[in-house]
>>> print(open('protein.pdb').read())   # PDB, C-alpha atoms, pLDDT in the B column
MODEL        1
ATOM      1  CA  MET L1062      -5.540  29.104   0.946  1.00 89.00           C
ATOM      2  CA  THR L1063      -3.713  25.982  -0.217  1.00 98.00           C
ATOM      3  CA  THR L1064      -3.002  25.638  -3.923  1.00 98.00           C
ATOM      4  CA  THR L1065      -2.641  22.100  -5.237  1.00 98.00           C
ATOM      5  CA  LEU L1066      -1.726  20.694  -8.638  1.00 98.00           C
ATOM      6  CA  ILE L1067      -2.658  17.123  -9.596  1.00 98.00           C
ATOM      7  CA  THR L1068      -1.152  15.462 -12.656  1.00 98.00           C
ATOM      8  CA  GLY L1069      -3.226  13.102 -14.790  1.00 96.00           C
ATOM      9  CA  SER L1070      -6.403  14.403 -13.194  1.00 95.00           C
ATOM     10  CA  ASN L1071      -9.027  14.522 -15.937  1.00 95.00           C
ATOM     11  CA  LYS L1072     -10.428  11.142 -14.793  1.00 92.00           C
ATOM     12  CA  GLY L1073     -10.217   8.396 -12.194  1.00 92.00           C
ATOM     13  CA  LEU L1074      -8.257   8.901  -8.995  1.00 93.00           C
ATOM     14  CA  GLY L1075      -6.882  12.247 -10.104  1.00 95.00           C
ATOM     15  CA  LEU L1076     -10.313  13.669 -10.848  1.00 96.00           C
ATOM     16  CA  GLU L1077     -11.769  12.427  -7.562  1.00 96.00           C
ATOM     17  CA  THR L1078      -8.770  13.842  -5.675  1.00 97.00           C
ATOM     18  CA  ALA L1079      -9.410  17.191  -7.334  1.00 98.00           C
ATOM     19  CA  ARG L1080     -13.096  17.080  -6.362  1.00 97.00           C
ATOM     20  CA  ARG L1081     -12.339  16.253  -2.743  1.00 97.00           C
ATOM     21  CA  LEU L1082      -9.584  18.839  -2.342  1.00 98.00           C
ATOM     22  CA  LEU L1083     -11.821  21.529  -3.816  1.00 98.00           C
ATOM     23  CA  ALA L1084     -14.367  20.582  -1.160  1.00 97.00           C
ATOM     24  CA  GLU L1085     -11.591  21.014   1.433  1.00 97.00           C
ATOM     25  CA  GLY L1086     -11.084  24.586   0.249  1.00 97.00           C
ATOM     26  CA  HIS L1087      -8.010  24.071  -1.913  1.00 98.00           C
ATOM     27  CA  THR L1088      -7.449  25.970  -5.124  1.00 98.00           C
ATOM     28  CA  VAL L1089      -6.891  23.065  -7.514  1.00 98.00           C
ATOM     29  CA  TRP L1090      -4.968  22.974 -10.764  1.00 98.00           C
ATOM     30  CA  LEU L1091      -6.248  20.037 -12.779  1.00 98.00           C
ATOM     31  CA  ALA L1092      -3.333  18.994 -15.010  1.00 98.00           C
ATOM     32  CA  ALA L1093      -3.747  16.660 -17.968  1.00 98.00           C
ATOM     33  CA  ARG L1094      -2.182  15.825 -21.329  1.00 96.00           C
ATOM     34  CA  ASP L1095      -5.404  16.182 -23.309  1.00 96.00           C
ATOM     35  CA  GLU L1096      -6.380  19.845 -23.330  1.00 96.00           C
ATOM     36  CA  SER L1097     -10.001  19.306 -24.361  1.00 96.00           C
ATOM     37  CA  ARG L1098     -10.758  16.609 -21.790  1.00 96.00           C
ATOM     38  CA  GLY L1099      -8.785  18.366 -19.095  1.00 97.00           C
ATOM     39  CA  GLN L1100     -10.493  21.713 -19.610  1.00 98.00           C
ATOM     40  CA  GLN L1101     -13.910  20.064 -19.625  1.00 97.00           C
ATOM     41  CA  ALA L1102     -13.191  18.223 -16.372  1.00 97.00           C
ATOM     42  CA  ALA L1103     -11.857  21.387 -14.742  1.00 98.00           C
ATOM     43  CA  ASP L1104     -14.891  23.401 -15.826  1.00 97.00           C
ATOM     44  CA  GLU L1105     -17.270  20.780 -14.430  1.00 97.00           C
ATOM     45  CA  LEU L1106     -15.508  20.777 -11.055  1.00 97.00           C
ATOM     46  CA  GLY L1107     -14.705  24.462 -10.788  1.00 97.00           C
ATOM     47  CA  ALA L1108     -10.976  23.828 -10.877  1.00 98.00           C
ATOM     48  CA  ARG L1109      -8.275  25.559 -12.917  1.00 98.00           C
ATOM     49  CA  PHE L1110      -6.780  23.728 -15.879  1.00 98.00           C
ATOM     50  CA  VAL L1111      -3.209  23.520 -17.084  1.00 98.00           C
ATOM     51  CA  GLN L1112      -1.985  21.343 -19.947  1.00 98.00           C
ATOM     52  CA  LEU L1113       0.804  19.090 -18.690  1.00 98.00           C
ATOM     53  CA  ASP L1114       2.357  15.989 -20.226  1.00 98.00           C
ATOM     54  CA  VAL L1115       4.724  14.439 -17.676  1.00 98.00           C
ATOM     55  CA  THR L1116       6.805  12.872 -20.474  1.00 98.00           C
ATOM     56  CA  ASP L1117       7.508  16.252 -22.107  1.00 98.00           C
ATOM     57  CA  ASP L1118      10.046  18.601 -20.497  1.00 98.00           C
ATOM     58  CA  ALA L1119       8.727  21.662 -22.341  1.00 98.00           C
ATOM     59  CA  SER L1120       5.136  20.927 -21.343  1.00 98.00           C
ATOM     60  CA  VAL L1121       6.061  20.512 -17.681  1.00 98.00           C
ATOM     61  CA  ALA L1122       8.170  23.687 -17.688  1.00 98.00           C
ATOM     62  CA  ALA L1123       5.378  25.704 -19.311  1.00 98.00           C
ATOM     63  CA  ALA L1124       2.891  24.448 -16.734  1.00 98.00           C
ATOM     64  CA  ALA L1125       5.195  25.427 -13.879  1.00 98.00           C
ATOM     65  CA  GLU L1126       5.663  28.874 -15.379  1.00 98.00           C
ATOM     66  CA  LEU L1127       1.903  29.408 -15.644  1.00 98.00           C
ATOM     67  CA  VAL L1128       1.173  28.193 -12.113  1.00 98.00           C
ATOM     68  CA  GLY L1129       3.977  30.369 -10.773  1.00 98.00           C
ATOM     69  CA  ALA L1130       2.645  33.427 -12.564  1.00 98.00           C
ATOM     70  CA  GLU L1131      -0.819  32.758 -11.141  1.00 97.00           C
ATOM     71  CA  GLY L1132       0.262  32.703  -7.513  1.00 97.00           C
ATOM     72  CA  GLY L1133       2.428  29.666  -6.807  1.00 98.00           C
ATOM     73  CA  LEU L1134       1.961  26.169  -5.440  1.00 98.00           C
ATOM     74  CA  ASP L1135       1.754  24.458  -2.041  1.00 98.00           C
ATOM     75  CA  VAL L1136       1.003  20.821  -2.840  1.00 98.00           C
ATOM     76  CA  LEU L1137       2.065  18.724  -5.826  1.00 98.00           C
ATOM     77  CA  VAL L1138       0.245  15.430  -6.363  1.00 98.00           C
ATOM     78  CA  ASN L1139       2.135  13.220  -8.815  1.00 98.00           C
ATOM     79  CA  ASN L1140      -0.741  11.027  -9.943  1.00 97.00           C
ATOM     80  CA  ALA L1141      -0.186  10.482 -13.685  1.00 97.00           C
ATOM     81  CA  GLY L1142       0.683   6.910 -14.602  1.00 96.00           C
ATOM     82  CA  ILE L1143       0.189   4.121 -17.117  1.00 96.00           C
ATOM     83  CA  THR L1144       0.120   0.323 -16.945  1.00 93.00           C
ATOM     84  CA  GLY L1145       2.053  -0.137 -20.168  1.00 95.00           C
ATOM     85  CA  SER L1146       2.107  -3.225 -22.351  1.00 94.00           C
ATOM     86  CA  HIS L1147      -0.093  -6.191 -21.441  1.00 91.00           C
ATOM     87  CA  ALA L1148       2.073  -8.578 -23.462  1.00 95.00           C
ATOM     88  CA  ASP L1149       3.287 -11.863 -22.047  1.00 96.00           C
ATOM     89  CA  PRO L1150       6.246 -11.025 -19.756  1.00 96.00           C
ATOM     90  CA  ALA L1151       8.530 -13.072 -22.013  1.00 97.00           C
ATOM     91  CA  ASP L1152       7.662 -10.767 -24.898  1.00 97.00           C
ATOM     92  CA  LEU L1153       8.268  -7.448 -23.139  1.00 97.00           C
ATOM     93  CA  THR L1154      10.908  -5.255 -24.745  1.00 98.00           C
ATOM     94  CA  GLY L1155      13.234  -2.519 -23.604  1.00 98.00           C
ATOM     95  CA  ALA L1156      11.028  -0.017 -25.395  1.00 98.00           C
ATOM     96  CA  ASP L1157       8.021  -1.246 -23.396  1.00 98.00           C
ATOM     97  CA  ALA L1158       9.969  -0.723 -20.189  1.00 98.00           C
ATOM     98  CA  LEU L1159      11.183   2.735 -21.140  1.00 98.00           C
ATOM     99  CA  LEU L1160       7.643   3.881 -21.914  1.00 98.00           C
ATOM    100  CA  VAL L1161       6.350   2.889 -18.476  1.00 98.00           C
ATOM    101  CA  LEU L1162       9.355   4.193 -16.570  1.00 98.00           C
ATOM    102  CA  ASP L1163       9.343   7.460 -18.519  1.00 98.00           C
ATOM    103  CA  THR L1164       5.766   8.160 -17.466  1.00 98.00           C
ATOM    104  CA  ASN L1165       5.568   6.661 -13.987  1.00 98.00           C
ATOM    105  CA  VAL L1166       9.054   7.434 -12.660  1.00 98.00           C
ATOM    106  CA  ALA L1167      10.852   9.989 -14.824  1.00 98.00           C
ATOM    107  CA  GLY L1168       7.559  11.880 -15.022  1.00 98.00           C
ATOM    108  CA  ILE L1169       7.695  12.421 -11.269  1.00 98.00           C
ATOM    109  CA  VAL L1170      11.298  13.594 -11.506  1.00 98.00           C
ATOM    110  CA  ARG L1171      10.454  16.043 -14.313  1.00 98.00           C
ATOM    111  CA  THR L1172       7.461  17.468 -12.526  1.00 98.00           C
ATOM    112  CA  THR L1173       9.146  17.686  -9.138  1.00 98.00           C
ATOM    113  CA  HIS L1174      12.167  19.410 -10.671  1.00 98.00           C
ATOM    114  CA  ALA L1175      10.036  21.983 -12.484  1.00 98.00           C
ATOM    115  CA  PHE L1176       7.763  22.823  -9.544  1.00 98.00           C
ATOM    116  CA  LEU L1177      10.390  22.713  -6.799  1.00 98.00           C
ATOM    117  CA  PRO L1178      11.096  26.472  -6.857  1.00 98.00           C
ATOM    118  CA  LEU L1179       7.382  27.158  -6.339  1.00 98.00           C
ATOM    119  CA  LEU L1180       7.119  24.605  -3.536  1.00 98.00           C
ATOM    120  CA  ARG L1181      10.148  26.051  -1.780  1.00 98.00           C
ATOM    121  CA  ALA L1182       8.406  29.426  -1.717  1.00 98.00           C
ATOM    122  CA  SER L1183       5.408  27.913   0.119  1.00 98.00           C
ATOM    123  CA  SER L1184       5.036  28.011   3.902  1.00 96.00           C
ATOM    124  CA  ALA L1185       3.780  24.401   3.982  1.00 97.00           C
ATOM    125  CA  PRO L1186       4.990  22.588   0.849  1.00 98.00           C
ATOM    126  CA  ALA L1187       4.164  18.966   0.175  1.00 98.00           C
ATOM    127  CA  ILE L1188       4.608  16.363  -2.542  1.00 98.00           C
ATOM    128  CA  VAL L1189       2.315  13.335  -2.723  1.00 98.00           C
ATOM    129  CA  ASN L1190       3.413  10.537  -5.034  1.00 98.00           C
ATOM    130  CA  VAL L1191       0.726   8.047  -6.007  1.00 97.00           C
ATOM    131  CA  THR L1192       2.308   4.614  -5.833  1.00 96.00           C
ATOM    132  CA  SER L1193       0.808   1.125  -5.414  1.00 94.00           C
ATOM    133  CA  GLY L1194       0.859  -1.889  -3.150  1.00 92.00           C
ATOM    134  CA  LEU L1195       1.843  -3.731  -6.320  1.00 93.00           C
ATOM    135  CA  GLY L1196       5.280  -2.216  -5.789  1.00 93.00           C
ATOM    136  CA  SER L1197       5.488  -3.499  -2.211  1.00 93.00           C
ATOM    137  CA  PHE L1198       7.727  -6.541  -1.695  1.00 92.00           C
ATOM    138  CA  THR L1199       5.693  -7.464   1.376  1.00 95.00           C
ATOM    139  CA  ALA L1200       2.335  -7.257  -0.402  1.00 93.00           C
ATOM    140  CA  VAL L1201       3.312  -9.224  -3.496  1.00 93.00           C
ATOM    141  CA  HIS L1202       4.693 -12.066  -1.332  1.00 95.00           C
ATOM    142  CA  ASP L1203       1.611 -12.251   0.890  1.00 92.00           C
ATOM    143  CA  PRO L1204      -0.781 -14.943  -0.442  1.00 95.00           C
ATOM    144  CA  ASP L1205      -3.651 -13.319   1.450  1.00 94.00           C
ATOM    145  CA  ARG L1206      -3.327 -10.096  -0.546  1.00 92.00           C
ATOM    146  CA  ILE L1207      -4.570  -9.566  -4.088  1.00 89.00           C
ATOM    147  CA  GLU L1208      -1.216  -8.031  -5.054  1.00 88.00           C
ATOM    148  CA  SER L1209       0.351 -11.497  -4.881  1.00 92.00           C
ATOM    149  CA  THR L1210      -1.847 -12.689  -7.759  1.00 92.00           C
ATOM    150  CA  VAL L1211      -0.789  -9.984 -10.220  1.00 90.00           C
ATOM    151  CA  VAL L1212       1.987 -10.468 -12.784  1.00 94.00           C
ATOM    152  CA  ALA L1213       2.821  -7.121 -14.377  1.00 95.00           C
ATOM    153  CA  PRO L1214       6.632  -6.695 -14.330  1.00 96.00           C
ATOM    154  CA  LEU L1215       6.867  -3.183 -15.712  1.00 98.00           C
ATOM    155  CA  TYR L1216       4.064  -1.501 -13.777  1.00 96.00           C
ATOM    156  CA  THR L1217       4.988  -3.139 -10.477  1.00 96.00           C
ATOM    157  CA  ALA L1218       8.680  -2.299 -10.898  1.00 97.00           C
ATOM    158  CA  SER L1219       7.810   1.307 -11.689  1.00 98.00           C
ATOM    159  CA  LYS L1220       5.757   1.592  -8.488  1.00 97.00           C
ATOM    160  CA  SER L1221       8.587   0.140  -6.393  1.00 97.00           C
ATOM    161  CA  ALA L1222      10.743   2.867  -7.910  1.00 98.00           C
ATOM    162  CA  VAL L1223       8.149   5.531  -7.080  1.00 98.00           C
ATOM    163  CA  THR L1224       8.097   4.522  -3.422  1.00 97.00           C
ATOM    164  CA  MET L1225      11.893   4.547  -3.143  1.00 98.00           C
ATOM    165  CA  LEU L1226      12.049   7.824  -5.046  1.00 98.00           C
ATOM    166  CA  THR L1227       9.690   9.234  -2.423  1.00 98.00           C
ATOM    167  CA  VAL L1228      11.948   8.161   0.425  1.00 98.00           C
ATOM    168  CA  GLN L1229      15.002   9.635  -1.278  1.00 98.00           C
ATOM    169  CA  TYR L1230      13.298  12.960  -2.011  1.00 98.00           C
ATOM    170  CA  ALA L1231      12.140  13.112   1.619  1.00 98.00           C
ATOM    171  CA  LYS L1232      15.769  12.795   2.704  1.00 98.00           C
ATOM    172  CA  ALA L1233      17.040  15.277   0.132  1.00 98.00           C
ATOM    173  CA  LEU L1234      14.321  17.920   0.600  1.00 97.00           C
ATOM    174  CA  PRO L1235      14.034  18.420   4.381  1.00 93.00           C
ATOM    175  CA  GLY L1236      11.850  21.513   4.042  1.00 94.00           C
ATOM    176  CA  ILE L1237       9.185  19.693   2.045  1.00 98.00           C
ATOM    177  CA  ARG L1238       6.897  16.863   3.140  1.00 98.00           C
ATOM    178  CA  VAL L1239       7.284  14.073   0.577  1.00 98.00           C
ATOM    179  CA  ASN L1240       5.080  11.009   0.981  1.00 98.00           C
ATOM    180  CA  ALA L1241       3.672   8.133  -1.060  1.00 98.00           C
ATOM    181  CA  ALA L1242       0.044   6.993  -1.181  1.00 97.00           C
ATOM    182  CA  ASP L1243      -1.211   3.555  -2.184  1.00 94.00           C
ATOM    183  CA  PRO L1244      -4.827   3.902  -3.378  1.00 92.00           C
ATOM    184  CA  GLY L1245      -5.492   0.158  -3.122  1.00 76.00           C
ATOM    185  CA  TYR L1246      -7.439  -1.928  -5.628  1.00 65.00           C
ATOM    186  CA  THR L1247      -9.753   0.759  -6.955  1.00 62.00           C
ATOM    187  CA  ALA L1248     -12.143   0.655  -9.907  1.00 45.00           C
ATOM    188  CA  THR L1249     -10.538   2.854 -12.580  1.00 63.00           C
ATOM    189  CA  ASP L1250      -9.795   2.694 -16.295  1.00 55.00           C
ATOM    190  CA  LEU L1251      -6.295   1.499 -15.374  1.00 59.00           C
ATOM    191  CA  ASN L1252      -7.668  -1.911 -14.354  1.00 55.00           C
ATOM    192  CA  GLY L1253     -10.802  -2.021 -16.505  1.00 60.00           C
ATOM    193  CA  ASN L1254     -12.844  -0.853 -13.499  1.00 55.00           C
ATOM    194  CA  SER L1255     -12.330  -4.234 -11.839  1.00 53.00           C
ATOM    195  CA  GLY L1256     -11.240  -2.875  -8.453  1.00 50.00           C
ATOM    196  CA  HIS L1257     -13.419  -3.465  -5.398  1.00 56.00           C
ATOM    197  CA  GLN L1258     -12.943   0.065  -4.021  1.00 64.00           C
ATOM    198  CA  THR L1259     -14.698   3.208  -5.189  1.00 84.00           C
ATOM    199  CA  VAL L1260     -12.587   6.132  -6.384  1.00 82.00           C
ATOM    200  CA  THR L1261     -13.541   7.939  -3.188  1.00 86.00           C
ATOM    201  CA  GLU L1262     -12.109   5.113  -1.085  1.00 88.00           C
ATOM    202  CA  GLY L1263      -9.099   4.986  -3.401  1.00 89.00           C
ATOM    203  CA  THR L1264      -8.300   8.635  -2.803  1.00 93.00           C
ATOM    204  CA  ASP L1265      -8.454   8.499   1.002  1.00 94.00           C
ATOM    205  CA  ALA L1266      -4.684   8.175   1.441  1.00 95.00           C
ATOM    206  CA  ILE L1267      -3.932  10.794  -1.220  1.00 97.00           C
ATOM    207  CA  VAL L1268      -6.278  13.340   0.331  1.00 97.00           C
ATOM    208  CA  GLU L1269      -4.949  12.635   3.821  1.00 97.00           C
ATOM    209  CA  LEU L1270      -1.380  13.377   2.742  1.00 98.00           C
ATOM    210  CA  ALA L1271      -2.406  16.440   0.731  1.00 98.00           C
ATOM    211  CA  THR L1272      -4.256  18.014   3.641  1.00 97.00           C
ATOM    212  CA  GLN L1273      -1.797  17.467   6.473  1.00 95.00           C
ATOM    213  CA  GLY L1274      -0.199  20.565   7.918  1.00 87.00           C
ATOM    214  CA  ALA L1275       3.420  21.617   7.879  1.00 88.00           C
ATOM    215  CA  ASP L1276       4.112  19.418  10.903  1.00 90.00           C
ATOM    216  CA  GLY L1277       2.953  16.261   9.115  1.00 94.00           C
ATOM    217  CA  PRO L1278       5.265  13.314   8.438  1.00 96.00           C
ATOM    218  CA  THR L1279       7.649  12.913   5.538  1.00 98.00           C
ATOM    219  CA  GLY L1280       9.096   9.832   3.858  1.00 97.00           C
ATOM    220  CA  THR L1281       6.059   7.675   4.631  1.00 97.00           C
ATOM    221  CA  PHE L1282       4.176   5.134   2.512  1.00 96.00           C
ATOM    222  CA  ILE L1283       0.502   4.835   3.458  1.00 95.00           C
ATOM    223  CA  ASP L1284      -2.768   3.348   2.279  1.00 92.00           C
ATOM    224  CA  ARG L1285      -6.266   4.164   3.537  1.00 89.00           C
ATOM    225  CA  SER L1286      -5.677   2.005   6.634  1.00 89.00           C
ATOM    226  CA  GLY L1287      -2.438   3.721   7.691  1.00 92.00           C
ATOM    227  CA  VAL L1288       1.279   3.079   7.221  1.00 92.00           C
ATOM    228  CA  ALA L1289       1.739   0.367   4.578  1.00 90.00           C
ATOM    229  CA  PRO L1290       4.481  -2.286   4.364  1.00 86.00           C
ATOM    230  CA  PHE L1291       7.189  -1.928   1.761  1.00 89.00           C
TER     231      PHE L1291
ENDMDL
END
>>> encode(input="protein.pdb", output="structure tokens")
Amino acid sequence: MTTTLITGSNKGLGLETARRLLAEGHTVWLAARDESRGQQAADELGARFVQLDVTDDASVAAAAELVGAEGGLDVLVNNAGITGSHADPADLTGADALLVLDTNVAGIVRTTHAFLPLLRASSAPAIVNVTSGLGSFTAVHDPDRIESTVVAPLYTASKSAVTMLTVQYAKALPGIRVNAADPGYTATDLNGNSGHQTVTEGTDAIVELATQGADGPTGTFIDRSGVAPF
């Protein structure tokens, strides 16, 4: 049986990913910063809960220790992320940037580092990084795509970094499938539920990458329609 951990999964895309992977037969660790909300969400789904704050080294290490003691891990879904400040771009500060990058980029590095020993012990290890078409140079320059209408320097830059981080990890970790999923414009709290896709549609690419076998691809960037442009 495949064991999967999903960060930031007490709501939105993470929660729906957990629901769908449970239906696929995975043992799912629902990981979240807020212990009360996370435990409640896990109980409602029938998942296991572990407290995990991707910005806190000690929290991530403790989560990895618990998951390891309970049997190990096959798939890590790095889903946790924030939009950051909505201030006018001219008013953004270094502190604003550090907050977003610490969660969206360094958070993936922390979590990957902590869970890597468990993944290396798996017969079919995989890492799925949730990125965004907003980090795609092609998408944001295409006037026919909604990404070209969005101005959000910190979030978009962080997602470009996530996609490149994915490619670099895929090169550096040949025994592990490492891929990036773009959910698309999905209705979640992150965008005030303004997206035109449902959370089920938004998790299609994530679930596809999390359920591929050991012979699946690595270093790819996909959305629900297939390989996406970067």
>>> atom_distance(input="protein.pdb", atom1="atom CA of L:Ser1146", atom2="atom CA of L:Pro1214")
9.8 Å
>>> axis_aligned_box(input="protein.pdb", around="stretch 1202-1214 of chain L", padding_each_side="6 Å", output="AutoDock Vina command-line options")
--center_x 1.0 --center_y -10.8 --center_z -6.5 --size_x 23.2 --size_y 20.2 --size_z 27.8
>>> closest_residue(input="protein.pdb", among="L:Glu1085, L:Glu1269, L:Glu1131, L:Asp1284", to="L:Ser1193", atoms="only C-alpha atoms")
L:Asp1284
>>> closest_residue(input="protein.pdb", among="L:Leu1074, L:Leu1234, L:Leu1215, L:Leu1113", to="L:Pro1178", atoms="all atoms listed in the file")
L:Leu1234
>>> residues_around(input="protein.pdb", residues="L:Gly1194", least_positions_apart="2", cutoff="9 Å", atoms="only C-alpha atoms", output="JSON, numbers by chain")
{"L": [1192, 1196, 1197, 1198, 1199, 1200, 1201, 1208, 1217, 1220, 1221, 1243, 1244, 1245, 1246, 1284, 1289, 1290, 1291]}
>>> closest_residue(input="protein.pdb", among="L:Arg1109, L:Arg1285, L:His1174, L:Arg1080", to="L:Ala1242", atoms="only C-alpha atoms")
L:Arg1285
>>> resolve_selection(input="protein.pdb", expression="the PyMOL selection byres ((chain L and resi 1142) around 10)", output="PyMOL selection string")
chain L and resi 1068-1069+1115+1139-1141+1143-1145+1161-1166+1168-1169+1191-1192+1216+1219-1220+1251
>>> decode(input="protein.pdb", residues="stretch 1185-1259 of chain L", atoms="C-alpha atoms", output="mmCIF file, in the first residue's frame")
data_model
loop_
_atom_site.group_PDB
_atom_site.id
_atom_site.type_symbol
_atom_site.label_atom_id
_atom_site.label_comp_id
_atom_site.auth_asym_id
_atom_site.auth_seq_id
_atom_site.Cartn_x
_atom_site.Cartn_y
_atom_site.Cartn_z
ATOM 1 C CA ALA L 1185 8.545 3.593 -5.681
ATOM 2 C CA PRO L 1186 9.303 7.021 -4.184
ATOM 3 C CA ALA L 1187 7.865 10.205 -5.616
ATOM 4 C CA ILE L 1188 7.757 13.917 -4.862
ATOM 5 C CA VAL L 1189 4.992 16.107 -6.284
ATOM 6 C CA ASN L 1190 5.515 19.852 -6.012
ATOM 7 C CA VAL L 1191 2.414 21.989 -6.455
ATOM 8 C CA THR L 1192 3.417 24.927 -8.618
ATOM 9 C CA SER L 1193 1.385 27.280 -10.839
ATOM 10 C CA GLY L 1194 1.039 28.456 -14.404
ATOM 11 C CA LEU L 1195 1.568 31.892 -12.879
ATOM 12 C CA GLY L 1196 5.227 30.915 -12.662
ATOM 13 C CA SER L 1197 5.377 29.973 -16.347
ATOM 14 C CA PHE L 1198 7.107 32.507 -18.611
ATOM 15 C CA THR L 1199 5.084 31.200 -21.547
ATOM 16 C CA ALA L 1200 1.731 31.497 -19.772
ATOM 17 C CA VAL L 1201 2.236 34.990 -18.380
ATOM 18 C CA HIS L 1202 3.225 36.296 -21.842
ATOM 19 C CA ASP L 1203 0.254 34.702 -23.604
ATOM 20 C CA PRO L 1204 -2.603 37.251 -23.880
ATOM 21 C CA ASP L 1205 -5.082 34.410 -24.364
ATOM 22 C CA ARG L 1206 -4.320 32.973 -20.925
ATOM 23 C CA ILE L 1207 -5.612 34.340 -17.634
ATOM 24 C CA GLU L 1208 -2.097 34.176 -16.166
ATOM 25 C CA SER L 1209 -1.115 37.140 -18.345
ATOM 26 C CA THR L 1210 -3.602 39.375 -16.515
ATOM 27 C CA VAL L 1211 -2.222 38.737 -13.025
ATOM 28 C CA VAL L 1212 0.322 41.017 -11.339
ATOM 29 C CA ALA L 1213 1.624 39.335 -8.192
ATOM 30 C CA PRO L 1214 5.452 39.572 -8.208
ATOM 31 C CA LEU L 1215 6.200 37.541 -5.109
ATOM 32 C CA TYR L 1216 3.798 34.639 -5.599
ATOM 33 C CA THR L 1217 4.584 34.256 -9.296
ATOM 34 C CA ALA L 1218 8.342 34.403 -8.688
ATOM 35 C CA SER L 1219 8.042 31.787 -5.959
ATOM 36 C CA LYS L 1220 6.205 29.424 -8.323
ATOM 37 C CA SER L 1221 8.846 29.874 -11.029
ATOM 38 C CA ALA L 1222 11.353 28.863 -8.368
ATOM 39 C CA VAL L 1223 9.270 25.820 -7.408
ATOM 40 C CA THR L 1224 9.212 24.570 -10.990
ATOM 41 C CA MET L 1225 12.969 25.000 -11.424
ATOM 42 C CA LEU L 1226 13.578 23.439 -8.021
ATOM 43 C CA THR L 1227 11.599 20.442 -9.258
ATOM 44 C CA VAL L 1228 13.772 20.069 -12.340
ATOM 45 C CA GLN L 1229 16.950 20.322 -10.281
ATOM 46 C CA TYR L 1230 15.785 17.766 -7.710
ATOM 47 C CA ALA L 1231 14.827 15.414 -10.554
ATOM 48 C CA LYS L 1232 18.398 15.641 -11.835
ATOM 49 C CA ALA L 1233 19.946 15.280 -8.390
ATOM 50 C CA LEU L 1234 17.721 12.438 -7.135
ATOM 51 C CA PRO L 1235 17.685 9.858 -9.958
ATOM 52 C CA GLY L 1236 16.026 7.192 -7.816
ATOM 53 C CA ILE L 1237 13.013 9.366 -7.038
ATOM 54 C CA ARG L 1238 10.342 10.677 -9.401
ATOM 55 C CA VAL L 1239 10.153 14.444 -8.876
ATOM 56 C CA ASN L 1240 7.496 16.348 -10.806
ATOM 57 C CA ALA L 1241 5.548 19.604 -10.657
ATOM 58 C CA ALA L 1242 1.780 20.016 -10.990
ATOM 59 C CA ASP L 1243 -0.065 23.168 -12.023
ATOM 60 C CA PRO L 1244 -3.623 22.981 -10.636
ATOM 61 C CA GLY L 1245 -4.883 25.765 -12.913
ATOM 62 C CA TYR L 1246 -7.253 28.556 -11.906
ATOM 63 C CA THR L 1247 -9.150 26.755 -9.168
ATOM 64 C CA ALA L 1248 -11.650 28.119 -6.655
ATOM 65 C CA THR L 1249 -9.824 28.099 -3.305
ATOM 66 C CA ASP L 1250 -9.280 30.440 -0.372
ATOM 67 C CA LEU L 1251 -5.987 31.449 -2.003
ATOM 68 C CA ASN L 1252 -7.855 33.420 -4.683
ATOM 69 C CA GLY L 1253 -11.055 34.219 -2.790
ATOM 70 C CA ASN L 1254 -12.745 31.253 -4.498
ATOM 71 C CA SER L 1255 -12.722 33.141 -7.798
ATOM 72 C CA GLY L 1256 -11.277 30.307 -9.889
ATOM 73 C CA HIS L 1257 -13.388 28.715 -12.618
ATOM 74 C CA GLN L 1258 -12.280 25.155 -11.798
ATOM 75 C CA THR L 1259 -13.544 22.984 -8.967
#
